[in-house]
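Chemist: For reference, the structure I am asking about is given below.
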2 protein chains.
Amino acid sequence: MASTVEGGDTALLPEFPRGPLDAYRARASFSWKELALFTEGEGMLRFKKTIFSALENDPLFARSPGADLSLEKYRELNFLRCKRIFEYDFLSVEDMFKSPLKVPALIQCLGMYDSSLAAKYLLHSLVFGSAVYSSGSERHLTYIQKIFRMEIFGCFALTELSHGSNTKAIRTTAHYDPATEEFIIHSPDFEAAKFWVGNMGKTATHAVVFAKLCVPGDQCHGLHPFIVQIRDPKTLLPMPGVMVGDIGKKLGQNGLDNGFAMFHKVRVPRQSLLNRMGDVTPEGTYVSPFKAELGREIHALASASKPLASWTTQQGIQECREACGGHGYLAMNRLGVLRDDNDPNCTYEGDNNILLQQTSNYLLGLLAHQVHDGACFRSPLKSVDFLDAYPGILDQKFEVSSVADCLDSAVALAAYKWLVCYLLRETYQKLNQEKRSGSSDFEARNKCQVSHGRPLALAFVELTVVQRFHEHVHQPSVPPSLRAVLGRLSALYALWSLSRHAALLYRGGYFSGEQAGEVLESAVLALCSQLKDDAVALVDVIAPPDFVLDSPIGRADGELYKNLWGAVLQESKVLERASWWPEFSVNKPVIGSLKSKL
Amino acid sequence: MASTVEGGDTALLPEFPRGPLDAYRARASFSWKELALFTEGEGMLRFKKTIFSALENDPLFARSPGADLSLEKYRELNFLRCKRIFEYDFLSVEDMFKSPLKVPALIQCLGMYDSSLAAKYLLHSLVFGSAVYSSGSERHLTYIQKIFRMEIFGCFALTELSHGSNTKAIRTTAHYDPATEEFIIHSPDFEAAKFWVGNMGKTATHAVVFAKLCVPGDQCHGLHPFIVQIRDPKTLLPMPGVMVGDIGKKLGQNGLDNGFAMFHKVRVPRQSLLNRMGDVTPEGTYVSPFKAELGREIHALASASKPLASWTTQQGIQECREACGGHGYLAMNRLGVLRDDNDPNCTYEGDNNILLQQTSNYLLGLLAHQVHDGACFRSPLKSVDFLDAYPGILDQKFEVSSVADCLDSAVALAAYKWLVCYLLRETYQKLNQEKRSGSSDFEARNKCQVSHGRPLALAFVELTVVQRFHEHVHQPSVPPSLRAVLGRLSALYALWSLSRHAALLYRGGYFSGEQAGEVLESAVLALCSQLKDDAVALVDVIAPPDFVLDSPIGRADGELYKNLWGAVLQESKVLERASWWPEFSVNKPVIGSLKSKL
């Protein structure tokens with residue numbers, strides 16, 4: 001298969017233009033095409049290429065270097081492009097179910113072109129769509145068709161102004177009125193306004209609104225999702241009782257219209273409740289088929305993976321921007337856009353630091369269960385199973401004495417297992433110590449989180465990543481010609497990541513003596529040195545086409561100064577004097593003329 | 001003096017508006033007014049207040065929430081404001097010499113209002129102005145008057161497109177022609193274009209241009225500064241042979257017009273050479289009064305202080321933005337502007353990582369001098385004098401066993417001295433080892449820099465900061481009522497900073513056992529806990545007025561949600577439907593209609 005792609009089929013993986021990078025490409029220890037094919041598979045490569053080519057050939061997606069788009073114009077353009085994605089229909093609803101991995105691939109491709117476009121499409125089709133699909137029932141299926149025909153446009157309205165996504169503090173209410181068989185959706189005050197909701201600012205006609213469900217003569221039943229029409233699809237004017245608007249400019253993703261909404265006793269039919277998790281009978285009795293106790297492991301992994309991924313991306317982009325010096329600070333080179341569009345990942349859908357508590361609490365719960373009930377550490381995805389051996393693991397020491405022995409990710413893997421066991425024990429002890437000193441459960445957790453729970457959660461998810469990476473590159477299906485480079489990448493990631501915990505490895509006694517730290521440091525440097533010649537080819541494997549990347553200093557031909565100079569001279573009025581030149585040349589200041597006003 | 005300010009003179013330090021922060025302000029262990037007065041002095045407080053009040057009362061400086069200024073409009077506004085600063089004449093040239101600390105205070109005040117304004121004013125008056133003043137001679141004094149009357153407008157042109165501020169690689173030339181007694185300024189190609197020069201884009205009439213000075217029949221004499229007219233002050237049109245323009249939008253500081261220039265054999269009189277460091281006789285003989293060997297210590301300290309300050313600021317702003325969740329990501333709250341405007345500090349006037357080499361090289365040079373010639377460690381500012389005792393310092397260990405003993409910055413100070421000695425010895429040994437293995441001097445330094453030289457330089461400057469802070473808060477003139485809070489701040493900064501080097505403290509044997517790391521961590525947490533009640537009052541000491549801060553969530557009244565909600569509703573067309581609403585309501589997409597084009 002590799003030969004097809006490497007040889008004849010240049011359309012799928014074409015050669016790069018000749019230029020100053022040729023010499024670096026020639027040094028690679030592997031074929032970038034072979035690695036691309038092994039990583040993605042031919043079908044996925046074709047799917048992505050189809051999307052990228054469609055965007056590149058469609059004038060609606062033309063890049064406009066130096067354009068100073070107003071907020072309104074950018075939002076219009078982003079909406080038009082989102083609509084065009086429906087016309088291309090890259091992935092039908094049927095295909096989504098057949099090839100679910102194509103869903104993140106589509107979002108990734110759109111996001112590489114423009115994060116605002118990916119977000120707008122994702123929030124409507126997938127976040128709003130899957131909320132209706134998975135929280136609703138048969139009576140809501142009619143919405144699905146309207147979503148994928150863009151007859152309605154949707155958003156997901158959980159967050160409120162003064163308490164973000166702290167679900168326990170959400171204050172929007174949905175009181176049931178049996179007389180009319182309606183729910184009354186109401187925002188008690190502006191602090192309970194739905195806020196930050198993507199697509200709500202200008203475009204959404206419908207929202208999945210989370211509100212406290214209350215039935216007459218009964219206590220409230222916690223948050224439930226309701227599908228609420230907020231604008232008339234025929235006019236995009238707000239529905240009666242709905243005050244809806246745009247929250248304004250953000251640091252990034254400005255093609256997306258984030259909005260707010262207040263509901264003044266808005267009546268919706270009983271059937272608006274997305275009733276998978278709980279329902280109300282016409283007479284007003286609350287019924288719930290089951291409580292959700294599934295997916296705790298996935299929740300724990302996701303709650304630490306998002307922080308790890310978003311912070312790693314943030315630091316990586318900043319490192320790249322600084323490594324490019326001033327040119328990284330020039331807007332046209334687009335490192336700023338990448339940074340700005342990634343930044344909200346650190347806080348939305350749960351602030352990173354708050355989410356890490358979910359993971360550390362999960363692990364602490366398992367340990368408590370083991371201590372009190374003698375339960376084994378077991379989880380469906382097996383991410384915690386190794387903890388069963390934690391007393392033995394804690395007795396281990398770092399025994400590697402040469403850099404050469406350290407160049408496989410197995411070394412870091414063993415160290416990470418020790419680290420997670422150590423942090424779990426320390427956190428558990430610290431927590432109990434705080435409780436014994438009279439702290440409430442809430443206080444005790446807060447006091448342990450920054451110093452203990454946070455590193456525990458991060459070390460645990462880093463271990464999981466290192467483990468998966470290690471297994472992936474050591475599987476028999478890896479072509480022999482790719483094993484060296486993938487093995488080095490895996491070891492470098494693992495050891496670099498581990499090196500940030502070196503103080504804890506020493507503190508807990510896993511490391512002792514000067515040599516341990518030196519070996520770890522030298523191994524990282526040795527791997528960097530080994531991978532240097534592969535660096536350009538590795539970028540070639542993951543880079544999108546030049547059109548999508550849209551960065552003069554980042555083009556595949558490597559002619560960064562020519563490209564940069566050319567792009568600067570293409571900008572509007574670059575050599576013209578400013579229109580306000582007489583403000584310098586004619587209207588001269590009288591020095592100190594306003595001093596008497598001070 | 002304190003009573004005057006605290007009691008009667010509410011104009012200088014007025015009370016804050018009542019609100020939800022009252023309770024937190026009441027908890028402070030000290031008077032914020034007393035600390036403000038101790039830190040700044042009454043004269044400086046008045047000076048800053050004069051500037052802030054002038055800006056607040058002048059409509060030209062009115063804040064325009066939600067305004068979506070075009071690049072050209074923003075640059076015009078920033079120029080007009082810069083001109084207005086000359087009309088206010090807050091600080092005359094004479095005052096600058098009399099009260100030099102008012103110069104950074106003025107820049108700080110303007111920068112708190114808008115970094116672009118501070119940069120524009122600073123680059124013209126101080127960077128360009130002091131380059132002419134300190135590199136020129138009597139014959140250039142005529143320019144100084146024109147600068148401070150804004151008859152000309154200046155910029156500082158060192159950086160070139162393809163080699164940034166690597167001064168050795170600068171390729172612009174200045175050949176002397178004795179026949180006409182002129183220098184010929186020339187850019188050999190576009191890669192040698194001056195690039196990134198602040199004020200050059202649209203406004204500068206004159207530039208201090210750095211070029212290689214060459215005289216006939218002689219080798220070139222390295223970089224020298226020339227004052228070159230690049231535009232006609234009467235028209236702002238470029239001078240013959242000068243191609244000058246704007247490099248376009250940046251990630252921040254967009255009120256400042258950064259530009260480029262290419263010189264095509266531009267002739268300037270012999271007297272254009274700023275001749276303090278070297279001159280050319282009318283006949284074409286190069287003469288130099290002396291070589292610059294002064295200021296090595298200041299250079300070493302500055303080369304590490306800039307990286308420490310810019311990275312600390314960057315991380316601090318990012319931490320604040322994330323701590324504010326989504327609201328920190330909303331443009332109107334201005335954490336993005338602070339981040340974007342600080343960001344170039346990491347790379348301009350020398351990339352941080354490159355600059356750190358200057359500092360580590362300085363320290364390594366001193367050690368080599370000591371090893372080979374038995375020289376003492378001595379420097380004018382005494383920042384290196386402690387190194388004389390380095391063998392004894394390296395024998396020390398961390399002996400503190402209780403958190404209470406750790407709550408003074410003296411503990412961190414001792415640890416830092418050990419750390420710098422340790423890193424200096426390790427770097428020196430590693431460097432010599434690399435050289436013995438056949439690396440050239442350049443290669444050897446490169447191989448040691450990331451792992452050794454970089455942490456050495458940072459630890460050295462952190463030690464310097466910790467030492468100064470420690471001395472400042474322990475001096476007898478500190479009022480007794482402020483000693484506790486300042487002592488805690490000093491200890492917290494020192495220990496927090498030190499804690500990032502814990503792995504090295506263990507690795508080198510200064511720390512051993514679990515307790516050392518635990519004590520350090522617990523001391524940081526204990527100090528945070530002690531300082532929590534002082535946090536709002538500490539911010540009150542350094543915060544600019546609300547008008548200058550211009551952030552709804554940051555106003556002194558603490559009514560963050562009311563302020564945010566109010567500001568959102570003030571934005572343009574916030575509740576209106578988008579002008580392009582028919583693109584959703586009327587022009588519906590035909591799903592898959594373009595699929596055949598794929």
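Ordered as shown in the structure tokens, chains take letters A, B, and onward, while each chain numbers its residues from 1 and ligands are numbered from 1 in the order shown.
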What's the 7 Å shell around segment 531-540 of chain B, counting only C-alpha atoms, without same-chain residues fewer than 2 positions away, as a PDB file with N, CA and C atoms, in the first residue's frame?
Modeler:
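Okay, selection.pdb is ready:
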ATOM      1  N   TYR B  24     -13.376  42.518  52.474  1.00  0.00           N
ATOM      2  CA  TYR B  24     -12.006  42.031  52.268  1.00  0.00           C
ATOM      3  C   TYR B  24     -10.997  43.123  52.616  1.00  0.00           C
ATOM      4  N   ARG B  25     -11.358  44.367  52.287  1.00  0.00           N
ATOM      5  CA  ARG B  25     -10.446  45.475  52.622  1.00  0.00           C
ATOM      6  C   ARG B  25     -10.304  45.605  54.135  1.00  0.00           C
ATOM      7  N   ARG B  27     -10.143  43.377  56.275  1.00  0.00           N
ATOM      8  CA  ARG B  27      -9.325  42.323  56.876  1.00  0.00           C
ATOM      9  C   ARG B  27      -7.822  42.602  56.828  1.00  0.00           C
ATOM     10  N   ALA B  28      -7.422  43.633  56.068  1.00  0.00           N
ATOM     11  CA  ALA B  28      -5.986  43.844  55.847  1.00  0.00           C
ATOM     12  C   ALA B  28      -5.265  44.126  57.149  1.00  0.00           C
ATOM     13  N   SER B  29      -4.021  43.663  57.224  1.00  0.00           N
ATOM     14  CA  SER B  29      -3.221  43.839  58.443  1.00  0.00           C
ATOM     15  C   SER B  29      -2.517  45.197  58.461  1.00  0.00           C
ATOM     16  N   TRP B  32      -3.365  50.547  53.444  1.00  0.00           N
ATOM     17  CA  TRP B  32      -2.851  50.595  52.065  1.00  0.00           C
ATOM     18  C   TRP B  32      -2.283  51.962  51.736  1.00  0.00           C
ATOM     19  N   LEU B 527       2.456  31.008  53.796  1.00  0.00           N
ATOM     20  CA  LEU B 527       2.548  32.434  53.478  1.00  0.00           C
ATOM     21  C   LEU B 527       1.359  32.896  52.642  1.00  0.00           C
ATOM     22  N   CYS B 528       0.903  32.058  51.719  1.00  0.00           N
ATOM     23  CA  CYS B 528      -0.297  32.399  50.943  1.00  0.00           C
ATOM     24  C   CYS B 528      -1.475  32.590  51.887  1.00  0.00           C
ATOM     25  N   SER B 529      -1.584  31.694  52.827  1.00  0.00           N
ATOM     26  CA  SER B 529      -2.688  31.759  53.775  1.00  0.00           C
ATOM     27  C   SER B 529      -2.594  33.035  54.618  1.00  0.00           C
ATOM     28  N   ILE B 542      -1.158  49.235  44.370  1.00  0.00           N
ATOM     29  CA  ILE B 542      -0.519  49.365  43.052  1.00  0.00           C
ATOM     30  C   ILE B 542      -1.485  49.631  41.906  1.00  0.00           C
ATOM     31  N   ALA B 543      -2.789  49.514  42.152  1.00  0.00           N
ATOM     32  CA  ALA B 543      -3.748  49.627  41.055  1.00  0.00           C
ATOM     33  C   ALA B 543      -3.845  51.056  40.545  1.00  0.00           C
TER      34      ALA B 543
END
Chemist: As a PyMOL selection string, could you give me every residue of chain B near chain A (at most 6 Å apart, counting only C-alpha atoms)?
Modeler: chain B and resi 86-89+233-234+245-247+249-251+325+329-331+336+347+502-503+507-508+514+568+574-575+585+590-595
Chemist: May I have the residues from that selection written out with C-alpha atoms, as a compact mmCIF listing (two decimals), in the first residue's frame?
Modeler:
# COMPACT_ATOMS: atom_id res chain seq x y z
CA PHE B 86 3.80 67.18 24.33
CA GLU B 87 1.17 69.80 24.94
CA TYR B 88 0.81 68.73 28.55
CA ASP B 89 4.60 68.59 28.90
CA PRO B 233 8.65 66.57 7.80
CA LYS B 234 6.56 68.90 5.63
CA GLY B 245 6.54 51.29 4.87
CA ASP B 246 4.49 49.62 7.52
CA ILE B 247 4.91 45.93 8.44
CA LYS B 249 -0.85 44.21 12.11
CA LYS B 250 0.76 42.65 15.17
CA LEU B 251 -0.57 40.58 18.04
CA GLY B 325 -12.58 31.97 33.63
CA TYR B 329 -11.41 35.85 27.78
CA LEU B 330 -13.89 38.63 27.01
CA ALA B 331 -12.05 41.45 25.24
CA GLY B 336 -5.98 40.08 26.53
CA THR B 347 11.71 38.73 22.20
CA ALA B 502 13.71 22.07 43.98
CA ALA B 503 14.92 19.29 41.68
CA ARG B 507 20.25 16.77 42.78
CA GLY B 508 23.20 18.73 44.12
CA GLU B 514 11.40 14.07 52.17
CA VAL B 568 -22.23 44.32 27.58
CA VAL B 574 -26.05 44.21 21.15
CA LEU B 575 -29.74 43.31 20.98
CA SER B 585 -33.93 33.13 7.06
CA VAL B 590 -29.59 23.01 -0.32
CA ILE B 591 -27.96 20.23 1.62
CA GLY B 592 -25.34 18.43 -0.43
CA SER B 593 -25.91 20.66 -3.46
CA LEU B 594 -22.13 21.05 -3.91
CA LYS B 595 -21.29 17.42 -3.17
Chemist: Kindly give the distance, in Å, that separates atom CA of Phe398 of chain B and atom CA of Val384 of chain B, rounded to a single decimal.
Modeler: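 For atom CA of Phe398 of chain B relative to atom CA of Val384 of chain B, the distance reads 21.7 Å.
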Chemist: At a cut-off of 10 Å, using only C-alpha atoms, what residues contact Leu520 of chain A? Leave out same-chain residues fewer than 5 positions from it and give the result as number ranges by chain.
Modeler: A: 400-403, 406-407, 411-412, 495-496, 498-499, 502, 515, 525-526
Chemist: Using the selection just defined, write its residues with N, CA, C and O atoms as an mmCIF file, in the first residue's frame.
Modeler:
data_model
loop_
_atom_site.group_PDB
_atom_site.id
_atom_site.type_symbol
_atom_site.label_atom_id
_atom_site.label_comp_id
_atom_site.auth_asym_id
_atom_site.auth_seq_id
_atom_site.Cartn_x
_atom_site.Cartn_y
_atom_site.Cartn_z
ATOM 1 N N VAL A 400 18.401 3.031 36.739
ATOM 2 C CA VAL A 400 19.116 3.225 35.483
ATOM 3 C C VAL A 400 20.341 4.105 35.711
ATOM 4 O O VAL A 400 20.251 5.163 36.330
ATOM 5 N N SER A 401 21.488 3.661 35.225
ATOM 6 C CA SER A 401 22.681 4.459 35.486
ATOM 7 C C SER A 401 23.313 5.019 34.208
ATOM 8 O O SER A 401 24.189 5.860 34.290
ATOM 9 N N SER A 402 22.865 4.571 33.051
ATOM 10 C CA SER A 402 23.445 5.136 31.829
ATOM 11 C C SER A 402 22.365 5.759 30.967
ATOM 12 O O SER A 402 21.194 5.344 31.004
ATOM 13 N N VAL A 403 22.752 6.756 30.202
ATOM 14 C CA VAL A 403 21.801 7.426 29.325
ATOM 15 C C VAL A 403 21.231 6.437 28.315
ATOM 16 O O VAL A 403 20.026 6.442 28.025
ATOM 17 N N CYS A 406 18.177 4.613 29.102
ATOM 18 C CA CYS A 406 17.042 5.487 29.415
ATOM 19 C C CYS A 406 16.283 5.871 28.159
ATOM 20 O O CYS A 406 15.286 6.584 28.231
ATOM 21 N N LEU A 407 16.733 5.405 26.997
ATOM 22 C CA LEU A 407 16.194 5.940 25.740
ATOM 23 C C LEU A 407 14.933 5.226 25.260
ATOM 24 O O LEU A 407 14.516 5.396 24.118
ATOM 25 N N VAL A 411 11.274 3.225 30.649
ATOM 26 C CA VAL A 411 11.887 3.788 31.858
ATOM 27 C C VAL A 411 10.980 4.842 32.477
ATOM 28 O O VAL A 411 10.714 4.845 33.684
ATOM 29 N N ALA A 412 10.475 5.732 31.639
ATOM 30 C CA ALA A 412 9.592 6.779 32.144
ATOM 31 C C ALA A 412 8.280 6.188 32.641
ATOM 32 O O ALA A 412 7.697 6.657 33.622
ATOM 33 N N LEU A 495 9.986 11.241 28.815
ATOM 34 C CA LEU A 495 11.051 11.709 29.708
ATOM 35 C C LEU A 495 10.970 13.219 29.936
ATOM 36 O O LEU A 495 11.209 13.708 31.041
ATOM 37 N N TRP A 496 10.611 13.946 28.886
ATOM 38 C CA TRP A 496 10.479 15.403 29.043
ATOM 39 C C TRP A 496 9.364 15.708 30.048
ATOM 40 O O TRP A 496 9.514 16.536 30.944
ATOM 41 N N LEU A 498 8.186 13.693 32.318
ATOM 42 C CA LEU A 498 8.602 13.219 33.645
ATOM 43 C C LEU A 498 9.568 14.204 34.306
ATOM 44 O O LEU A 498 9.518 14.402 35.520
ATOM 45 N N SER A 499 10.425 14.817 33.496
ATOM 46 C CA SER A 499 11.467 15.667 34.082
ATOM 47 C C SER A 499 10.876 16.844 34.848
ATOM 48 O O SER A 499 11.505 17.388 35.743
ATOM 49 N N ALA A 502 10.761 16.018 38.532
ATOM 50 C CA ALA A 502 11.996 15.490 39.126
ATOM 51 C C ALA A 502 12.082 15.776 40.631
ATOM 52 O O ALA A 502 12.555 14.930 41.403
ATOM 53 N N GLN A 515 23.378 11.460 40.051
ATOM 54 C CA GLN A 515 23.348 10.808 38.747
ATOM 55 C C GLN A 515 21.935 10.667 38.172
ATOM 56 O O GLN A 515 21.735 10.813 36.962
ATOM 57 N N LEU A 525 18.229 15.410 26.282
ATOM 58 C CA LEU A 525 19.080 16.106 25.303
ATOM 59 C C LEU A 525 19.535 15.161 24.192
ATOM 60 O O LEU A 525 19.589 15.533 23.021
ATOM 61 N N ALA A 526 19.850 13.904 24.563
ATOM 62 C CA ALA A 526 20.299 12.934 23.554
ATOM 63 C C ALA A 526 19.176 12.649 22.556
ATOM 64 O O ALA A 526 19.404 12.576 21.340
#
Chemist: What does the structure give for the distance between atom CA of Glu471 of chain A and atom CA of Ala415 of chain A, in Å to one decimal?
Modeler: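 Answer for the atom CA of Glu471 of chain A to atom CA of Ala415 of chain A separation: 16.1 Å.
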Chemist: List as a PDB file with N, CA and C atoms, in the first residue's frame the protein and nucleic acid residues near Ser303 of chain B, meaning an atom at most 10 Å away when only C-alpha atoms are counted, but skip any in the same chain fewer than 5 places from it.
Modeler:
ATOM      1  N   GLU B 297      28.793  44.431  34.205  1.00  0.00           N
ATOM      2  CA  GLU B 297      27.899  43.905  35.244  1.00  0.00           C
ATOM      3  C   GLU B 297      26.457  44.327  34.973  1.00  0.00           C
ATOM      4  N   ILE B 298      26.289  45.603  34.617  1.00  0.00           N
ATOM      5  CA  ILE B 298      24.924  46.074  34.326  1.00  0.00           C
ATOM      6  C   ILE B 298      24.360  45.303  33.129  1.00  0.00           C
ATOM      7  N   LEU B 308      13.489  37.541  33.047  1.00  0.00           N
ATOM      8  CA  LEU B 308      12.745  37.205  34.265  1.00  0.00           C
ATOM      9  C   LEU B 308      11.473  38.042  34.358  1.00  0.00           C
ATOM     10  N   GLU B 349      14.380  43.701  21.646  1.00  0.00           N
ATOM     11  CA  GLU B 349      15.635  44.144  22.290  1.00  0.00           C
ATOM     12  C   GLU B 349      16.430  42.922  22.764  1.00  0.00           C
ATOM     13  N   GLY B 350      16.382  41.852  21.983  1.00  0.00           N
ATOM     14  CA  GLY B 350      17.112  40.631  22.326  1.00  0.00           C
ATOM     15  C   GLY B 350      16.168  39.562  22.834  1.00  0.00           C
ATOM     16  N   ASP B 351      16.149  38.414  22.149  1.00  0.00           N
ATOM     17  CA  ASP B 351      15.326  37.292  22.588  1.00  0.00           C
ATOM     18  C   ASP B 351      15.775  36.839  23.986  1.00  0.00           C
ATOM     19  N   ASN B 352      14.796  36.519  24.824  1.00  0.00           N
ATOM     20  CA  ASN B 352      15.108  36.156  26.208  1.00  0.00           C
ATOM     21  C   ASN B 352      16.165  35.062  26.330  1.00  0.00           C
ATOM     22  N   ASN B 353      16.005  34.003  25.559  1.00  0.00           N
ATOM     23  CA  ASN B 353      16.961  32.894  25.692  1.00  0.00           C
ATOM     24  C   ASN B 353      18.364  33.290  25.239  1.00  0.00           C
ATOM     25  N   ILE B 354      18.424  34.127  24.216  1.00  0.00           N
ATOM     26  CA  ILE B 354      19.739  34.598  23.746  1.00  0.00           C
ATOM     27  C   ILE B 354      20.377  35.508  24.797  1.00  0.00           C
ATOM     28  N   LEU B 355      19.553  36.389  25.369  1.00  0.00           N
ATOM     29  CA  LEU B 355      20.097  37.312  26.366  1.00  0.00           C
ATOM     30  C   LEU B 355      20.657  36.577  27.581  1.00  0.00           C
ATOM     31  N   LEU B 356      19.980  35.488  27.959  1.00  0.00           N
ATOM     32  CA  LEU B 356      20.450  34.755  29.150  1.00  0.00           C
ATOM     33  C   LEU B 356      21.872  34.235  28.963  1.00  0.00           C
ATOM     34  N   GLN B 357      22.246  33.989  27.695  1.00  0.00           N
ATOM     35  CA  GLN B 357      23.625  33.578  27.409  1.00  0.00           C
ATOM     36  C   GLN B 357      24.625  34.647  27.822  1.00  0.00           C
ATOM     37  N   GLN B 358      24.218  35.911  27.647  1.00  0.00           N
ATOM     38  CA  GLN B 358      25.123  37.000  28.019  1.00  0.00           C
ATOM     39  C   GLN B 358      25.446  36.926  29.507  1.00  0.00           C
ATOM     40  N   THR B 359      24.424  36.623  30.296  1.00  0.00           N
ATOM     41  CA  THR B 359      24.618  36.582  31.743  1.00  0.00           C
ATOM     42  C   THR B 359      25.440  35.363  32.157  1.00  0.00           C
ATOM     43  N   SER B 360      25.108  34.212  31.592  1.00  0.00           N
ATOM     44  CA  SER B 360      25.878  33.021  31.991  1.00  0.00           C
ATOM     45  C   SER B 360      27.326  33.145  31.511  1.00  0.00           C
ATOM     46  N   ALA B 457      21.803  31.530  34.682  1.00  0.00           N
ATOM     47  CA  ALA B 457      21.517  32.962  34.523  1.00  0.00           C
ATOM     48  C   ALA B 457      20.237  33.352  35.259  1.00  0.00           C
ATOM     49  N   LEU B 458      19.217  32.513  35.161  1.00  0.00           N
ATOM     50  CA  LEU B 458      17.951  32.832  35.839  1.00  0.00           C
ATOM     51  C   LEU B 458      18.118  32.786  37.355  1.00  0.00           C
ATOM     52  N   VAL B 461      19.894  35.958  38.563  1.00  0.00           N
ATOM     53  CA  VAL B 461      19.113  37.196  38.624  1.00  0.00           C
ATOM     54  C   VAL B 461      17.999  37.070  39.671  1.00  0.00           C
TER      55      VAL B 461
END
Chemist: Atom CA of Val420 of chain B and atom CA of Ala375 of chain B are how many Å apart?
Modeler: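 Value for the atom CA of Val420 of chain B-atom CA of Ala375 of chain B distance: 18.6 Å.
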Chemist: Quick one: residues within 7 Å of segment 223-227 of chain A, only C-alpha atoms, excluding same-chain residues fewer than 3 positions away - as a list of chain:residue names?
Modeler: A:His206, A:Ala207, A:Val208, A:Val209, A:Phe210, A:Ala211, A:Lys212, A:Leu213, A:Ser272, A:Leu273, A:Leu274
Chemist: Please run DSSP on the backbone and report, as a PyMOL selection string, all residues within segment 163-400 of chain B that come out as helix (DSSP H, G or I).
Modeler: chain B and resi 167-169+190-192+270-272+296-323+325-329+331-333+335-346+352-373+385-394
Chemist: I'd like the contact shell of Thr427 of chain B - 7 Å cut-off, only C-alpha atoms, skipping same-chain residues fewer than 2 positions apart - returned as a ChimeraX atom specification.
Modeler: /B:423-425,429-431,448,452-453
Chemist: I'd like the neighbourhood of Ser135 of chain B as a list in words, where a residue qualifies if any of its atoms comes within 8 Å (using only C-alpha atoms), though same-chain residues fewer than 3 positions away should be ignored.
Modeler: Ser130, Ala131, Val132, Pro225, Leu274, Asn275, Arg276 and Met277 of chain B
Chemist: Include N, CA and C atoms and write out the residues we just selected as a PDB file, in the first residue's frame.
Modeler:
ATOM      1  N   SER B 130      17.781  59.595  23.226  1.00  0.00           N
ATOM      2  CA  SER B 130      19.005  59.344  23.976  1.00  0.00           C
ATOM      3  C   SER B 130      20.058  58.682  23.103  1.00  0.00           C
ATOM      4  N   ALA B 131      19.658  58.023  22.023  1.00  0.00           N
ATOM      5  CA  ALA B 131      20.665  57.514  21.089  1.00  0.00           C
ATOM      6  C   ALA B 131      21.435  58.683  20.473  1.00  0.00           C
ATOM      7  N   VAL B 132      20.694  59.715  20.081  1.00  0.00           N
ATOM      8  CA  VAL B 132      21.342  60.896  19.509  1.00  0.00           C
ATOM      9  C   VAL B 132      22.205  61.592  20.571  1.00  0.00           C
ATOM     10  N   PRO B 225      26.191  54.070  14.521  1.00  0.00           N
ATOM     11  CA  PRO B 225      24.876  54.712  14.322  1.00  0.00           C
ATOM     12  C   PRO B 225      24.989  55.998  13.489  1.00  0.00           C
ATOM     13  N   LEU B 274      26.915  59.417  14.302  1.00  0.00           N
ATOM     14  CA  LEU B 274      26.885  59.713  15.741  1.00  0.00           C
ATOM     15  C   LEU B 274      28.219  59.213  16.276  1.00  0.00           C
ATOM     16  N   ASN B 275      29.119  60.175  16.561  1.00  0.00           N
ATOM     17  CA  ASN B 275      30.543  59.872  16.579  1.00  0.00           C
ATOM     18  C   ASN B 275      31.180  59.707  17.955  1.00  0.00           C
ATOM     19  N   ARG B 276      30.369  59.407  18.961  1.00  0.00           N
ATOM     20  CA  ARG B 276      30.949  59.252  20.291  1.00  0.00           C
ATOM     21  C   ARG B 276      31.946  58.090  20.359  1.00  0.00           C
ATOM     22  N   MET B 277      31.614  56.980  19.654  1.00  0.00           N
ATOM     23  CA  MET B 277      32.443  55.780  19.756  1.00  0.00           C
ATOM     24  C   MET B 277      33.450  55.638  18.617  1.00  0.00           C
TER      25      MET B 277
END
